[in-house]
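Comments concern the structure below.
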Amino acid sequence: MSMTMSLAAQENGLTADDPPAFQCPSGHLEVYATDPELARRICDIEKQTAPTLAACGMSDRTPLSLYVVQRIEAAGPHCLGAYICETDEIAVVAPEQLATLEVLSDIYRSMDAAVLFDSLVVHEITHARLTKALQGEELSVASHEYIAYAMQMASLPSAVRQSLEDVRAEGPVDRSAINELTLFFGGPDAFAPLVWRHFQTDGNGCDFVKSLIDGTTILGLPPDS
Ligand SMILES: [Zn+2]
């Protein structure tokens, strides 16, 4: 998800006890995490994801800050990741914490916590890169989340993706179902498989993502519905 509250205003914001920033060698990300191994892994994820994002029209790599946190207070207990566009900050709930969460979407619960964590990093970095690609233009929530979930699902090891029952479902996807109601009431369990099945259909993929970015396609419910 994306949100507007500053991380610094949260309990998780920077304090004297927080770990120093780990600068990724690429210069495109700084990571705040207590585990240096995890920080390096996050740097690798950003680097590995960049070509995929660029192919889909999101080539901007303005430096971001990513915080590995125990929880995201401002957005409630069900929020696993957030991007704050005003400050180019990302927060993602730590892998060891993800493993202990009692309330977790089925699709996420079925994944190893490390795999889930990595995919959440991709999701939030996508929101950040997409925001830059939009150059101030607005996008519907469904369109923004379509792109973030498409990149997240694409980043999963194919064996993990194939283990998700709803992702394997065959047949055409009703594009009108990829809307805000499905997202808010169905959560990732309902939204992510629909997005992935639509995204990987012939003729969609990055071409479809680019059409969302340039505004020729709009996903979601009309504003007055
Ligand atoms: Zn999101």
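Just remember, in the structure tokens the first chain shown is A, the second B, etc., residues are 1-based per chain, and ligands are 1-based in the order shown.
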To check your reading of the model: which residues sit at most 12 Å from ligand 1 when counting only C-alpha atoms and all ligand atoms? Write the answer as a CSV table (one decimal) with C-alpha atoms, in the first residue's frame.
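As written to disk, selection-v8.csv reads:
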```
chain,number,residue,atom,x,y,z
A,1,MET,CA,0.0,0.0,0.0
A,2,SER,CA,1.0,3.6,-0.1
A,3,MET,CA,0.3,6.2,2.5
A,79,CYS,CA,-0.1,-3.4,6.9
A,80,LEU,CA,3.1,-5.2,5.8
A,81,GLY,CA,4.7,-2.4,3.8
A,82,ALA,CA,4.3,1.3,3.0
A,83,TYR,CA,5.7,3.9,0.7
A,84,ILE,CA,5.7,7.6,1.6
A,90,ILE,CA,9.7,2.8,2.3
A,91,ALA,CA,8.9,0.6,5.4
A,92,VAL,CA,8.6,-3.2,5.3
A,119,SER,CA,8.3,-9.7,-2.6
A,120,LEU,CA,7.0,-7.0,-0.3
A,121,VAL,CA,10.2,-5.0,-0.9
A,122,VAL,CA,9.6,-5.3,-4.7
A,123,HIS,CA,5.9,-4.2,-4.2
A,124,GLU,CA,6.9,-1.0,-2.3
A,125,ILE,CA,9.9,-0.1,-4.5
A,126,THR,CA,7.5,-0.4,-7.5
A,127,HIS,CA,5.1,2.1,-5.8
A,128,ALA,CA,8.1,4.5,-5.5
A,130,LEU,CA,5.9,4.3,-10.4
A,131,THR,CA,5.2,7.5,-8.6
A,140,SER,CA,-6.4,5.2,-9.7
A,141,VAL,CA,-5.7,3.1,-6.6
A,142,ALA,CA,-6.6,-0.1,-8.6
A,143,SER,CA,-4.1,0.9,-11.3
A,144,HIS,CA,-1.3,1.7,-8.8
A,145,GLU,CA,-1.9,-1.6,-7.0
A,146,TYR,CA,-2.2,-3.5,-10.2
A,147,ILE,CA,1.3,-2.5,-11.2
A,148,ALA,CA,2.8,-3.1,-7.7
A,149,TYR,CA,1.2,-6.5,-7.4
A,150,ALA,CA,2.2,-7.4,-11.0
A,151,MET,CA,5.9,-6.7,-10.2
A,152,GLN,CA,5.6,-8.4,-6.8
A,180,GLU,CA,-10.9,-1.1,-5.5
A,183,LEU,CA,-8.6,-4.9,-3.3
A,184,PHE,CA,-10.1,-3.6,-0.1
A,187,GLY,CA,-7.2,-8.2,-0.1
A,188,PRO,CA,-4.1,-9.8,-1.6
A,191,PHE,CA,-6.5,-9.1,-6.0
A,192,ALA,CA,-3.0,-10.6,-6.5
```
Interface rows for range 31-72 of chain A against range 201-225 of chain A: nearest pair, Å to one decimal, 9 Å, only C-alpha atoms, as a Markdown table:
```
| residue | atom | partner | partner_atom | distance |
| --- | --- | --- | --- | --- |
| A:Thr52 | CA | A:Cys206 | CA | 8.9 |
| A:Leu53 | CA | A:Cys206 | CA | 8.9 |
| A:Ala55 | CA | A:Cys206 | CA | 6.8 |
| A:Cys56 | CA | A:Cys206 | CA | 4.5 |
| A:Gly57 | CA | A:Lys210 | CA | 5.8 |
| A:Met58 | CA | A:Lys210 | CA | 8.8 |
```
Keeping only N, CA and C atoms, write the selected residues as an mmCIF file, in the first residue's frame.
```cif
data_model
loop_
_atom_site.group_PDB
_atom_site.id
_atom_site.type_symbol
_atom_site.label_atom_id
_atom_site.label_comp_id
_atom_site.auth_asym_id
_atom_site.auth_seq_id
_atom_site.Cartn_x
_atom_site.Cartn_y
_atom_site.Cartn_z
ATOM 1 N N THR A 52 13.432 -4.990 -14.811
ATOM 2 C CA THR A 52 12.024 -5.331 -15.018
ATOM 3 C C THR A 52 11.158 -4.082 -14.951
ATOM 4 N N LEU A 53 11.440 -3.245 -13.958
ATOM 5 C CA LEU A 53 10.673 -1.999 -13.824
ATOM 6 C C LEU A 53 10.916 -1.096 -15.028
ATOM 7 N N ALA A 55 11.688 -1.974 -18.046
ATOM 8 C CA ALA A 55 11.008 -2.541 -19.214
ATOM 9 C C ALA A 55 9.523 -2.200 -19.211
ATOM 10 N N CYS A 56 8.977 -1.983 -18.017
ATOM 11 C CA CYS A 56 7.560 -1.653 -17.889
ATOM 12 C C CYS A 56 7.344 -0.145 -17.748
ATOM 13 N N GLY A 57 8.340 0.654 -18.102
ATOM 14 C CA GLY A 57 8.143 2.107 -18.133
ATOM 15 C C GLY A 57 8.505 2.829 -16.859
ATOM 16 N N MET A 58 9.228 2.157 -15.948
ATOM 17 C CA MET A 58 9.595 2.784 -14.672
ATOM 18 C C MET A 58 11.118 2.743 -14.510
#
```
Practice task
Using only C-alpha atoms, find the one residue out of A:Cys43, A:Leu101, A:Ala190, A:Cys24 that sits nearest to Leu164 in chain A.
Solution key: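 Looking only at the distances to Leu164 in chain A, the closest residue turns out to be A:Ala190.
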Exercise for the section: Using DSSP on the backbone coordinates, identify all residues within range 7-219 of chain A classified as helix (DSSP H, G or I); present the result as a VMD selection string. Expected result: chain A and resid 7 to 9 36 to 55 73 to 75 95 to 98 106 to 109 113 to 133 141 to 155 158 to 162 165 to 168 175 to 177 180 to 199 205 to 213
Practice task
Could you tell me how far CA of Glu96 in chain A lies from CA of Ala113 in chain A, in Å and to one decimal?
Solution key: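 Computing the Euclidean distance for CA of Glu96 in chain A and CA of Ala113 in chain A yields 7.2 Å.
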